[in-house]
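Structure below is run_29.tsv: TSV, C-alpha atoms and all ligand atoms.
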```tsv
chain	number	residue	atom	x	y	z
A	1	MET	CA	25.97	-0.79	18.76
A	2	LEU	CA	27.30	-3.41	21.17
A	3	THR	CA	28.67	-2.03	24.43
A	4	ARG	CA	32.15	-3.23	25.36
A	5	ARG	CA	30.68	-5.52	28.05
A	6	GLU	CA	28.18	-7.02	25.60
A	7	PHE	CA	30.85	-7.49	22.97
A	8	ILE	CA	33.05	-9.37	25.44
A	9	ARG	CA	30.16	-11.57	26.57
A	10	THR	CA	29.10	-12.34	22.99
A	11	ALA	CA	32.66	-13.11	22.00
A	12	ALA	CA	32.88	-15.35	25.07
A	13	LEU	CA	29.75	-17.25	24.00
A	14	PHE	CA	31.62	-18.30	20.89
A	15	ALA	CA	35.05	-18.57	22.49
A	16	LEU	CA	33.69	-20.99	25.06
A	17	ALA	CA	32.21	-23.03	22.26
A	18	PRO	CA	34.84	-23.21	19.52
A	19	HIS	CA	33.34	-26.47	18.31
A	20	ALA	CA	30.31	-24.43	17.19
A	21	PHE	CA	32.32	-23.49	14.18
A	22	ALA	CA	34.96	-26.20	14.03
A	23	GLU	CA	34.93	-29.87	14.72
A	24	ARG	CA	32.33	-30.86	17.33
A	25	GLU	CA	33.72	-32.43	20.47
A	26	LYS	CA	30.49	-33.21	22.30
A	27	GLU	CA	26.94	-33.71	21.22
A	28	ILE	CA	24.17	-31.40	22.39
A	29	TRP	CA	20.60	-32.63	22.30
A	30	VAL	CA	17.40	-30.62	22.76
A	31	ASN	CA	13.76	-31.64	22.98
A	32	ASP	CA	10.29	-30.16	23.41
A	33	VAL	CA	8.96	-29.97	26.97
A	34	HIS	CA	5.68	-31.85	26.45
A	35	SER	CA	5.77	-34.82	24.11
A	36	GLN	CA	9.57	-35.31	24.25
A	37	LEU	CA	9.21	-36.74	20.75
A	38	ASN	CA	11.48	-34.19	19.05
A	39	ARG	CA	14.96	-35.05	20.30
A	40	THR	CA	17.29	-33.11	18.01
A	41	ARG	CA	21.09	-32.80	17.91
A	42	VAL	CA	22.21	-29.20	17.60
A	43	ARG	CA	25.62	-27.75	16.88
A	44	GLU	CA	25.47	-25.27	19.72
A	45	LEU	CA	22.95	-24.00	22.26
A	46	LEU	CA	23.25	-20.27	22.96
A	47	ARG	CA	21.31	-18.12	25.44
A	48	PRO	CA	21.74	-14.42	24.61
A	49	HIS	CA	21.13	-11.99	27.47
A	50	THR	CA	20.71	-8.86	25.37
A	51	ARG	CA	19.22	-8.02	22.01
A	52	ASP	CA	22.67	-6.96	20.79
A	53	GLU	CA	24.02	-10.38	21.68
A	54	LEU	CA	21.16	-11.93	19.75
A	55	ALA	CA	22.00	-9.83	16.68
A	56	GLU	CA	25.70	-10.66	17.00
A	57	ILE	CA	24.98	-14.41	17.12
A	58	VAL	CA	22.94	-14.08	13.92
A	59	ARG	CA	25.70	-12.06	12.19
A	60	SER	CA	28.40	-14.54	13.21
A	61	ALA	CA	26.40	-17.59	12.13
A	62	SER	CA	25.44	-15.85	8.90
A	63	ARG	CA	29.08	-15.00	8.05
A	64	LYS	CA	29.97	-18.67	8.54
A	65	GLY	CA	26.93	-19.94	6.65
A	66	LEU	CA	25.62	-21.88	9.66
A	67	PRO	CA	21.89	-22.58	10.08
A	68	ILE	CA	20.05	-21.09	13.05
A	69	SER	CA	17.02	-22.34	14.94
A	70	VAL	CA	15.19	-20.39	17.64
A	71	SER	CA	13.14	-21.58	20.57
A	72	GLY	CA	11.05	-20.03	23.32
A	73	TYR	CA	9.83	-22.30	26.12
A	74	ARG	CA	9.79	-25.30	23.65
A	75	HIS	CA	6.14	-26.23	24.11
A	76	SER	CA	5.49	-26.84	20.40
A	77	MET	CA	5.23	-30.54	19.75
A	78	GLY	CA	6.08	-30.55	16.04
A	79	GLY	CA	9.79	-29.85	16.43
A	80	GLN	CA	9.45	-26.43	14.73
A	81	GLN	CA	11.82	-24.84	17.25
A	82	PHE	CA	14.84	-27.03	16.39
A	83	ALA	CA	16.95	-27.94	13.36
A	84	THR	CA	19.57	-30.65	13.25
A	85	ASP	CA	23.13	-29.30	13.60
A	86	SER	CA	21.91	-25.72	13.81
A	87	ILE	CA	23.01	-22.97	16.16
A	88	CYS	CA	20.03	-23.25	18.53
A	89	ILE	CA	19.10	-19.97	20.21
A	90	ASP	CA	17.20	-20.15	23.50
A	91	THR	CA	15.51	-16.73	23.96
A	92	ARG	CA	14.33	-17.12	27.56
A	93	GLU	CA	16.90	-14.72	29.03
A	94	LEU	CA	15.46	-11.95	26.83
A	95	ASP	CA	12.52	-11.35	29.11
A	96	ARG	CA	12.31	-7.65	29.93
A	97	VAL	CA	9.40	-5.27	29.50
A	98	VAL	CA	10.77	-2.48	27.27
A	99	SER	CA	7.97	0.09	27.61
A	100	PHE	CA	4.34	0.46	28.67
A	101	ASP	CA	2.24	3.28	27.20
A	102	ARG	CA	-0.58	3.54	29.74
A	103	GLU	CA	-2.46	6.11	27.69
A	104	ARG	CA	-2.76	3.89	24.61
A	105	GLY	CA	-2.44	0.43	26.22
A	106	LEU	CA	0.67	-0.53	24.25
A	107	LEU	CA	3.20	-2.79	25.96
A	108	GLU	CA	6.53	-3.65	24.34
A	109	ALA	CA	8.48	-6.64	25.70
A	110	GLU	CA	11.38	-8.83	24.67
A	111	ALA	CA	10.49	-12.00	22.83
A	112	GLY	CA	11.57	-14.43	25.56
A	113	ILE	CA	9.22	-13.05	28.23
A	114	GLN	CA	6.58	-15.49	29.46
A	115	TRP	CA	2.94	-14.54	30.14
A	116	PRO	CA	3.14	-14.52	34.00
A	117	LYS	CA	5.98	-11.98	34.04
A	118	LEU	CA	4.36	-9.83	31.37
A	119	ILE	CA	1.01	-9.81	33.20
A	120	ARG	CA	2.68	-9.09	36.56
A	121	ALA	CA	4.48	-6.11	35.00
A	122	TYR	CA	1.31	-4.31	33.86
A	123	LEU	CA	-0.65	-5.21	36.99
A	124	ASP	CA	2.09	-3.67	39.15
A	125	ALA	CA	2.36	-0.60	36.93
A	126	GLU	CA	-1.43	-0.04	37.00
A	127	ALA	CA	-2.06	-0.73	40.69
A	128	GLY	CA	-4.63	1.78	41.93
A	129	ASP	CA	-5.54	3.09	38.45
A	130	THR	CA	-9.26	3.31	37.77
A	131	LYS	CA	-8.82	2.52	34.08
A	132	GLN	CA	-6.69	-0.60	33.64
A	133	TRP	CA	-5.38	-2.53	30.65
A	134	GLY	CA	-4.90	-6.29	30.24
A	135	ILE	CA	-4.10	-8.87	27.59
A	136	ALA	CA	-7.01	-9.86	25.37
A	137	GLN	CA	-5.97	-13.52	25.14
A	138	LYS	CA	-3.27	-16.12	25.66
A	139	GLN	CA	-3.11	-19.86	25.16
A	140	THR	CA	-4.97	-22.16	27.51
A	141	GLY	CA	-3.62	-25.18	29.36
A	142	ALA	CA	-0.29	-23.64	30.44
A	143	ASP	CA	1.22	-20.22	31.15
A	144	THR	CA	4.93	-20.54	30.41
A	145	PHE	CA	4.74	-19.69	26.72
A	146	THR	CA	7.05	-16.96	25.44
A	147	LEU	CA	5.82	-13.92	23.57
A	148	GLY	CA	8.06	-14.80	20.59
A	149	GLY	CA	6.80	-18.39	20.44
A	150	SER	CA	3.19	-17.20	20.76
A	151	LEU	CA	3.58	-14.60	18.03
A	152	SER	CA	5.40	-17.00	15.69
A	153	SER	CA	2.58	-19.54	16.13
A	154	ASN	CA	-0.16	-16.88	15.91
A	155	VAL	CA	-1.90	-18.50	18.85
A	156	HIS	CA	-5.49	-18.24	19.94
A	157	GLY	CA	-7.16	-18.25	23.35
A	158	ARG	CA	-10.76	-19.02	24.39
A	159	GLY	CA	-12.37	-15.95	22.88
A	160	LEU	CA	-15.65	-16.77	21.17
A	161	ARG	CA	-15.31	-14.09	18.52
A	162	MET	CA	-11.63	-13.12	18.73
A	163	LYS	CA	-9.20	-13.38	15.90
A	164	PRO	CA	-5.84	-15.00	16.77
A	165	LEU	CA	-2.99	-13.13	18.44
A	166	ILE	CA	-2.13	-11.12	15.31
A	167	SER	CA	-5.14	-8.95	16.16
A	168	ASN	CA	-3.39	-7.95	19.41
A	169	ILE	CA	0.04	-7.25	17.89
A	170	GLU	CA	0.79	-3.60	17.15
A	171	SER	CA	4.34	-4.14	15.85
A	172	PHE	CA	7.51	-6.11	16.40
A	173	THR	CA	11.20	-5.83	15.70
A	174	MET	CA	12.93	-8.65	13.91
A	175	ILE	CA	16.58	-9.56	13.38
A	176	THR	CA	17.03	-10.61	9.79
A	177	ALA	CA	19.80	-12.82	8.37
A	178	ASP	CA	22.26	-9.89	8.15
A	179	GLY	CA	21.85	-9.27	11.89
A	180	LYS	CA	20.03	-5.95	11.46
A	181	PRO	CA	16.85	-5.19	13.42
A	182	ILE	CA	13.87	-4.01	11.39
A	183	ARG	CA	10.48	-2.82	12.60
A	184	CYS	CA	7.35	-4.46	11.22
A	185	SER	CA	3.78	-3.26	11.63
A	186	ARG	CA	0.68	-2.83	9.49
A	187	GLU	CA	2.33	0.28	8.04
A	188	GLU	CA	6.05	-0.61	8.03
A	189	ASN	CA	7.30	-3.77	6.29
A	190	SER	CA	3.68	-4.91	6.31
A	191	GLU	CA	4.22	-8.02	4.22
A	192	LEU	CA	6.83	-9.32	6.66
A	193	PHE	CA	4.49	-8.39	9.51
A	194	ARG	CA	1.82	-10.69	8.09
A	195	LEU	CA	4.25	-13.48	7.22
A	196	ALA	CA	6.21	-13.61	10.47
A	197	ILE	CA	3.14	-13.76	12.71
A	198	GLY	CA	2.42	-17.45	12.39
A	199	GLY	CA	5.70	-17.87	10.47
A	200	TYR	CA	7.31	-20.27	13.00
A	201	GLY	CA	10.59	-18.38	13.03
A	202	ILE	CA	11.52	-18.90	9.39
A	203	PHE	CA	11.44	-15.22	8.41
A	204	GLY	CA	13.81	-13.98	11.13
A	205	LEU	CA	14.17	-13.73	14.86
A	206	ILE	CA	11.61	-11.72	16.80
A	207	ASP	CA	13.49	-9.43	19.10
A	208	THR	CA	10.68	-7.44	20.78
A	209	ALA	CA	6.92	-7.29	20.23
A	210	THR	CA	4.39	-4.59	21.10
A	211	LEU	CA	1.05	-5.88	22.30
A	212	ARG	CA	-2.19	-3.92	22.05
A	213	LEU	CA	-3.84	-4.40	25.43
A	214	VAL	CA	-7.60	-4.14	25.99
A	215	PRO	CA	-9.53	-2.55	28.87
A	216	ARG	CA	-9.73	-5.01	31.77
A	217	GLN	CA	-13.23	-6.11	32.68
A	218	LYS	CA	-14.88	-8.38	35.20
A	219	LEU	CA	-16.34	-11.63	33.85
A	220	ARG	CA	-19.20	-13.80	35.08
A	221	ARG	CA	-18.89	-17.59	34.76
A	222	VAL	CA	-21.93	-19.51	33.52
A	223	VAL	CA	-21.64	-23.34	33.54
A	224	GLU	CA	-24.10	-25.73	31.92
A	225	ILE	CA	-24.17	-29.38	30.86
A	226	ILE	CA	-25.39	-29.82	27.31
A	227	ARG	CA	-25.68	-32.67	24.81
A	228	ALA	CA	-22.85	-32.80	22.26
A	229	ASP	CA	-25.44	-32.49	19.47
A	230	ASP	CA	-26.57	-29.15	20.86
A	231	LEU	CA	-23.08	-27.68	21.03
A	232	PRO	CA	-22.92	-25.84	17.65
A	233	LYS	CA	-26.34	-24.24	18.21
A	234	ARG	CA	-25.42	-23.25	21.77
A	235	PHE	CA	-22.21	-21.63	20.52
A	236	GLU	CA	-24.16	-19.53	18.05
A	237	GLU	CA	-26.63	-18.48	20.73
A	238	ARG	CA	-23.93	-17.50	23.20
A	239	ILE	CA	-22.03	-15.54	20.55
A	240	ALA	CA	-25.26	-13.72	19.60
A	241	GLN	CA	-25.73	-12.90	23.30
A	242	ASN	CA	-22.27	-11.25	23.33
A	243	PHE	CA	-20.59	-13.82	25.55
A	244	LEU	CA	-16.81	-13.31	25.33
A	245	PHE	CA	-15.04	-16.56	26.25
A	246	ARG	CA	-15.76	-20.26	26.58
A	247	SER	CA	-14.22	-23.37	28.04
A	248	MET	CA	-15.42	-26.94	27.68
A	249	LYS	CA	-14.97	-30.38	29.16
A	250	ASN	CA	-16.15	-33.54	27.45
A	251	HIS	CA	-18.26	-35.73	29.75
A	252	ARG	CA	-19.20	-38.84	27.72
A	253	THR	CA	-22.02	-37.71	25.44
A	254	SER	CA	-22.43	-34.31	27.03
A	255	PHE	CA	-20.20	-31.27	27.40
A	256	ASN	CA	-19.62	-29.18	30.46
A	257	ALA	CA	-19.51	-25.73	28.90
A	258	ALA	CA	-18.60	-22.50	30.66
A	259	TYR	CA	-19.21	-19.13	29.06
A	260	PHE	CA	-17.98	-15.78	30.28
A	261	PRO	CA	-20.05	-12.66	29.66
A	262	ALA	CA	-18.81	-9.31	30.93
A	263	THR	CA	-20.53	-8.26	34.12
A	264	ASN	CA	-20.51	-5.86	37.00
A	265	ARG	CA	-22.92	-7.98	38.99
A	266	SER	CA	-22.03	-9.53	42.34
A	267	ALA	CA	-21.66	-13.29	42.84
A	268	GLN	CA	-24.72	-15.55	42.66
A	269	THR	CA	-25.36	-19.28	42.17
A	270	LYS	CA	-28.36	-20.99	40.53
A	271	ARG	CA	-28.92	-24.72	40.16
A	272	SER	CA	-31.88	-26.51	38.56
A	273	SER	CA	-32.74	-30.22	38.66
A	274	PRO	CA	-29.55	-32.26	38.15
A	275	LYS	CA	-31.36	-34.38	35.53
A	276	LYS	CA	-31.87	-31.29	33.42
A	277	HIS	CA	-29.26	-28.71	32.53
A	278	TYR	CA	-27.89	-26.80	35.46
A	279	ALA	CA	-26.47	-23.36	35.41
A	280	MET	CA	-24.15	-21.82	37.96
A	281	THR	CA	-23.09	-18.24	37.85
A	282	THR	CA	-20.39	-16.69	39.93
A	283	GLY	CA	-19.19	-13.12	39.88
B	1	LIG	C1	-0.33	-27.48	27.11
B	1	LIG	C2	-0.38	-26.68	25.83
B	1	LIG	C3	-1.47	-25.87	25.60
B	1	LIG	C4	-1.55	-25.12	24.43
B	1	LIG	N1	-2.66	-24.36	24.22
B	1	LIG	C5	-2.75	-23.62	23.11
B	1	LIG	C6	-3.90	-22.78	22.87
B	1	LIG	O1	-4.81	-22.72	23.68
B	1	LIG	N2	-3.91	-22.05	21.75
B	1	LIG	C7	-2.89	-22.10	20.83
B	1	LIG	O2	-2.98	-21.41	19.82
B	1	LIG	N3	-1.81	-22.88	21.02
B	1	LIG	C8	-1.73	-23.64	22.13
B	1	LIG	N4	-0.63	-24.43	22.32
B	1	LIG	C9	0.47	-24.34	21.37
B	1	LIG	C10	1.42	-23.20	21.83
B	1	LIG	O3	0.73	-21.99	21.78
B	1	LIG	C11	2.62	-23.07	20.90
B	1	LIG	O4	3.30	-24.27	20.96
B	1	LIG	C12	3.54	-21.88	21.29
B	1	LIG	O5	4.35	-21.59	20.22
B	1	LIG	C13	4.41	-22.23	22.45
B	1	LIG	O6	5.26	-21.15	22.82
B	1	LIG	P1	6.77	-21.45	23.21
B	1	LIG	O7	7.33	-20.25	23.88
B	1	LIG	O8	6.90	-22.74	23.92
B	1	LIG	O9	7.42	-21.57	21.73
B	1	LIG	P2	8.36	-22.71	21.11
B	1	LIG	O10	7.62	-24.01	21.12
B	1	LIG	O11	9.70	-22.70	21.73
B	1	LIG	O12	8.47	-22.18	19.61
B	1	LIG	C14	7.33	-22.16	18.78
B	1	LIG	C15	7.69	-21.61	17.40
B	1	LIG	O13	8.04	-20.22	17.52
B	1	LIG	C16	9.35	-19.98	17.00
B	1	LIG	N5	9.96	-18.95	17.84
B	1	LIG	C17	10.12	-18.96	19.20
B	1	LIG	N6	10.69	-17.80	19.60
B	1	LIG	C18	10.89	-17.06	18.49
B	1	LIG	C19	11.48	-15.79	18.24
B	1	LIG	N7	11.95	-15.02	19.23
B	1	LIG	N8	11.53	-15.36	16.96
B	1	LIG	C20	11.07	-16.10	15.94
B	1	LIG	N9	10.52	-17.31	16.10
B	1	LIG	C21	10.43	-17.79	17.36
B	1	LIG	C22	10.07	-21.33	17.07
B	1	LIG	O14	11.10	-21.42	16.14
B	1	LIG	C23	8.93	-22.29	16.76
B	1	LIG	O15	8.72	-22.38	15.37
B	1	LIG	C24	-0.51	-25.18	23.47
B	1	LIG	C25	0.61	-25.99	23.71
B	1	LIG	C26	0.66	-26.74	24.87
B	1	LIG	C27	1.86	-27.61	25.09
```
Could you rewrite the structure in this file as structure tokens?
Ligand SMILES: Cc1cc2nc3c(=O)[nH]c(=O)nc-3n(C[C@H](O)[C@H](O)[C@H](O)COP(=O)(O)OP(=O)(O)OC[C@H]3O[C@@H](n4cnc5c(N)ncnc54)[C@H](O)[C@@H]3O)c2cc1C
Amino acid sequence: MLTRREFIRTAALFALAPHAFAEREKEIWVNDVHSQLNRTRVRELLRPHTRDELAEIVRSASRKGLPISVSGYRHSMGGQQFATDSICIDTRELDRVVSFDRERGLLEAEAGIQWPKLIRAYLDAEAGDTKQWGIAQKQTGADTFTLGGSLSSNVHGRGLRMKPLISNIESFTMITADGKPIRCSREENSELFRLAIGGYGIFGLIDTATLRLVPRQKLRRVVEIIRADDLPKRFEERIAQNFLFRSMKNHRTSFNAAYFPATNRSAQTKRSSPKKHYAMTTG
């Protein structure tokens, strides 16, 4: 149920933008934040502040037969987050942590939350705890991805043996075309659960998602320069040795590869002849 305040604000979103549903008076353009190759004209750009507002926008657009598109931080470079002349929903104001079950390591947050805020929330909540939880993975190269955009793209991190993000999703709630929230998990609405993770927003709007956290552990960094030809074999070896993560930099014909095994050891550094491989380990 919408509270009176939320109803007024939602109504105002539309009242302030009558051209969303009538003749357009000005043109609104959106684009992705990286390539800037996806400039798209949208009918209206709306930023709901509450999940009820989000549902009300969907209901209103649905009644009027207007298409909806949904975006997070807009990092995707294929234009998946926009549709021409759609009601474009920007979810970034929906960024609250809803609950954190510290016994089971389950954290529920709104879809527009970005990784830094989500991580800060559990670190603050767990300060001083001996047993701590953390995310298993996130994308590399940037931090400002939203949970909804990550889930809808079923992203992966640098885990050597990890499955993509779906393996860390316990459940989510989704607003379907009739504006009703439904819960999806491996047990409830399981088909929709599988479709919407990696579904790029076409099955409905993710409202909140519950992440399965993993026990936090200390990692050791091992860096070595290897020939590109040796890379596949080295991967297999490191996976067999239970290394958890990797990162790589291409350096002409060789790769600078860093692997991260779990460790409780203190910091140490080793370096062999620079002409050969060198390895550096830090705790
Ligand atoms: C620098 C950089 C590094 C990257 N590194 C990686 C990486 O290491 N691994 C990886 O897998 N990917 C990587 N990516 C891709 C990135 O993970 C995806 O583009 C991700 O979707 C971006 O999140 P976003 O919040 O910007 O989502 P957006 O780009 O805004 O949206 C992505 C998709 O999700 C949908 N969506 C957004 N919010 C919702 C919602 N609430 N409900 C339903 N659908 C929604 C949109 O409609 C769209 O289809 C990288 C991208 C960049 C630019």
Neighbours of ligand LIG 1 (chain B) within 6 Å, counting only C-alpha atoms and all ligand atoms, as number ranges by chain? A: 34, 70-76, 80-81, 111, 139-142, 145-146, 148-150, 152-153, 155-157, 200-201, 204-207
Please save C-alpha atoms of the selected residues as a PDB file, in the frame of the given file.
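Saved the output as out.pdb:
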```pdb
ATOM      1  CA  HIS A  34       5.680 -31.850  26.450  1.00  0.00           C
ATOM      2  CA  VAL A  70      15.190 -20.390  17.640  1.00  0.00           C
ATOM      3  CA  SER A  71      13.140 -21.580  20.570  1.00  0.00           C
ATOM      4  CA  GLY A  72      11.050 -20.030  23.320  1.00  0.00           C
ATOM      5  CA  TYR A  73       9.830 -22.300  26.120  1.00  0.00           C
ATOM      6  CA  ARG A  74       9.790 -25.300  23.650  1.00  0.00           C
ATOM      7  CA  HIS A  75       6.140 -26.230  24.110  1.00  0.00           C
ATOM      8  CA  SER A  76       5.490 -26.840  20.400  1.00  0.00           C
ATOM      9  CA  GLN A  80       9.450 -26.430  14.730  1.00  0.00           C
ATOM     10  CA  GLN A  81      11.820 -24.840  17.250  1.00  0.00           C
ATOM     11  CA  ALA A 111      10.490 -12.000  22.830  1.00  0.00           C
ATOM     12  CA  GLN A 139      -3.110 -19.860  25.160  1.00  0.00           C
ATOM     13  CA  THR A 140      -4.970 -22.160  27.510  1.00  0.00           C
ATOM     14  CA  GLY A 141      -3.620 -25.180  29.360  1.00  0.00           C
ATOM     15  CA  ALA A 142      -0.290 -23.640  30.440  1.00  0.00           C
ATOM     16  CA  PHE A 145       4.740 -19.690  26.720  1.00  0.00           C
ATOM     17  CA  THR A 146       7.050 -16.960  25.440  1.00  0.00           C
ATOM     18  CA  GLY A 148       8.060 -14.800  20.590  1.00  0.00           C
ATOM     19  CA  GLY A 149       6.800 -18.390  20.440  1.00  0.00           C
ATOM     20  CA  SER A 150       3.190 -17.200  20.760  1.00  0.00           C
ATOM     21  CA  SER A 152       5.400 -17.000  15.690  1.00  0.00           C
ATOM     22  CA  SER A 153       2.580 -19.540  16.130  1.00  0.00           C
ATOM     23  CA  VAL A 155      -1.900 -18.500  18.850  1.00  0.00           C
ATOM     24  CA  HIS A 156      -5.490 -18.240  19.940  1.00  0.00           C
ATOM     25  CA  GLY A 157      -7.160 -18.250  23.350  1.00  0.00           C
ATOM     26  CA  TYR A 200       7.310 -20.270  13.000  1.00  0.00           C
ATOM     27  CA  GLY A 201      10.590 -18.380  13.030  1.00  0.00           C
ATOM     28  CA  GLY A 204      13.810 -13.980  11.130  1.00  0.00           C
ATOM     29  CA  LEU A 205      14.170 -13.730  14.860  1.00  0.00           C
ATOM     30  CA  ILE A 206      11.610 -11.720  16.800  1.00  0.00           C
ATOM     31  CA  ASP A 207      13.490  -9.430  19.100  1.00  0.00           C
TER      32      ASP A 207
END
```
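The gap separating CA of Ile169 in chain A from CA of Asp124 in chain A is 21.7 Å, in Å to one decimal.
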To one decimal place in Å, what is the distance between CA of Pro215 in chain A and CA of Leu192 in chain A?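 Distance between the two atoms: 28.4 Å.
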Given the choices A:Arg220, A:His251, A:Arg194, A:Arg92, which gets closest to Arg47 in chain A if the distance is worked out from all atoms listed in the file? A:Arg92
Report as a list in words all protein, DNA and RNA residues lying within 10 Å of Phe235 in chain A, evaluated on only C-alpha atoms, omitting residues in the same chain fewer than 4 positions from it.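 Residues meeting the cut-off are Leu160, Asp230, Leu231, Ile239, Ala240, Gln241, Phe243, Arg246, Ala257 and Tyr259 of chain A.
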Proximity to Phe260 in chain A - best of A:Arg158, A:Lys233, A:Lys117, A:Arg186, all atoms listed in the file: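 Closest to Phe260 in chain A, using all atoms listed in the file: A:Arg158.
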Taking all atoms listed in the file into account, which of A:Asp229, A:Glu103, A:Asp178, A:Glu188 comes nearest Ala55 in chain A?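 Closest to Ala55 in chain A of all the choices is A:Asp178.
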Output as a PDB file, keeping the file's coordinate frame: range 40-54 of chain A, completed with N, CA and C atoms.
```pdb
ATOM      1  N   THR A  40      16.553 -33.612  19.174  1.00  0.00           N
ATOM      2  CA  THR A  40      17.290 -33.110  18.010  1.00  0.00           C
ATOM      3  C   THR A  40      18.723 -32.763  18.428  1.00  0.00           C
ATOM      4  N   ARG A  41      19.686 -33.166  17.614  1.00  0.00           N
ATOM      5  CA  ARG A  41      21.090 -32.800  17.910  1.00  0.00           C
ATOM      6  C   ARG A  41      21.361 -31.431  17.298  1.00  0.00           C
ATOM      7  N   VAL A  42      21.876 -30.525  18.133  1.00  0.00           N
ATOM      8  CA  VAL A  42      22.210 -29.200  17.600  1.00  0.00           C
ATOM      9  C   VAL A  42      23.706 -28.954  17.714  1.00  0.00           C
ATOM     10  N   ARG A  43      24.182 -28.056  16.889  1.00  0.00           N
ATOM     11  CA  ARG A  43      25.620 -27.750  16.880  1.00  0.00           C
ATOM     12  C   ARG A  43      26.042 -27.000  18.136  1.00  0.00           C
ATOM     13  N   GLU A  44      25.180 -26.052  18.517  1.00  0.00           N
ATOM     14  CA  GLU A  44      25.470 -25.270  19.720  1.00  0.00           C
ATOM     15  C   GLU A  44      24.162 -24.740  20.287  1.00  0.00           C
ATOM     16  N   LEU A  45      24.138 -24.540  21.596  1.00  0.00           N
ATOM     17  CA  LEU A  45      22.950 -24.000  22.260  1.00  0.00           C
ATOM     18  C   LEU A  45      23.362 -22.688  22.924  1.00  0.00           C
ATOM     19  N   LEU A  46      22.819 -21.576  22.452  1.00  0.00           N
ATOM     20  CA  LEU A  46      23.250 -20.270  22.960  1.00  0.00           C
ATOM     21  C   LEU A  46      22.069 -19.522  23.590  1.00  0.00           C
ATOM     22  N   ARG A  47      22.363 -18.858  24.719  1.00  0.00           N
ATOM     23  CA  ARG A  47      21.310 -18.120  25.440  1.00  0.00           C
ATOM     24  C   ARG A  47      21.700 -16.647  25.538  1.00  0.00           C
ATOM     25  N   PRO A  48      21.390 -15.838  24.540  1.00  0.00           N
ATOM     26  CA  PRO A  48      21.740 -14.420  24.610  1.00  0.00           C
ATOM     27  C   PRO A  48      21.012 -13.711  25.754  1.00  0.00           C
ATOM     28  N   HIS A  49      21.734 -12.754  26.377  1.00  0.00           N
ATOM     29  CA  HIS A  49      21.130 -11.990  27.470  1.00  0.00           C
ATOM     30  C   HIS A  49      20.641 -10.622  27.012  1.00  0.00           C
ATOM     31  N   THR A  50      21.145 -10.166  25.876  1.00  0.00           N
ATOM     32  CA  THR A  50      20.710  -8.860  25.370  1.00  0.00           C
ATOM     33  C   THR A  50      20.367  -8.993  23.895  1.00  0.00           C
ATOM     34  N   ARG A  51      19.618  -7.990  23.423  1.00  0.00           N
ATOM     35  CA  ARG A  51      19.220  -8.020  22.010  1.00  0.00           C
ATOM     36  C   ARG A  51      20.435  -7.850  21.112  1.00  0.00           C
ATOM     37  N   ASP A  52      21.447  -7.098  21.580  1.00  0.00           N
ATOM     38  CA  ASP A  52      22.670  -6.960  20.790  1.00  0.00           C
ATOM     39  C   ASP A  52      23.404  -8.287  20.669  1.00  0.00           C
ATOM     40  N   GLU A  53      23.393  -9.042  21.749  1.00  0.00           N
ATOM     41  CA  GLU A  53      24.020 -10.380  21.680  1.00  0.00           C
ATOM     42  C   GLU A  53      23.281 -11.248  20.675  1.00  0.00           C
ATOM     43  N   LEU A  54      21.964 -11.146  20.698  1.00  0.00           N
ATOM     44  CA  LEU A  54      21.160 -11.930  19.750  1.00  0.00           C
ATOM     45  C   LEU A  54      21.545 -11.585  18.315  1.00  0.00           C
TER      46      LEU A  54
END
```
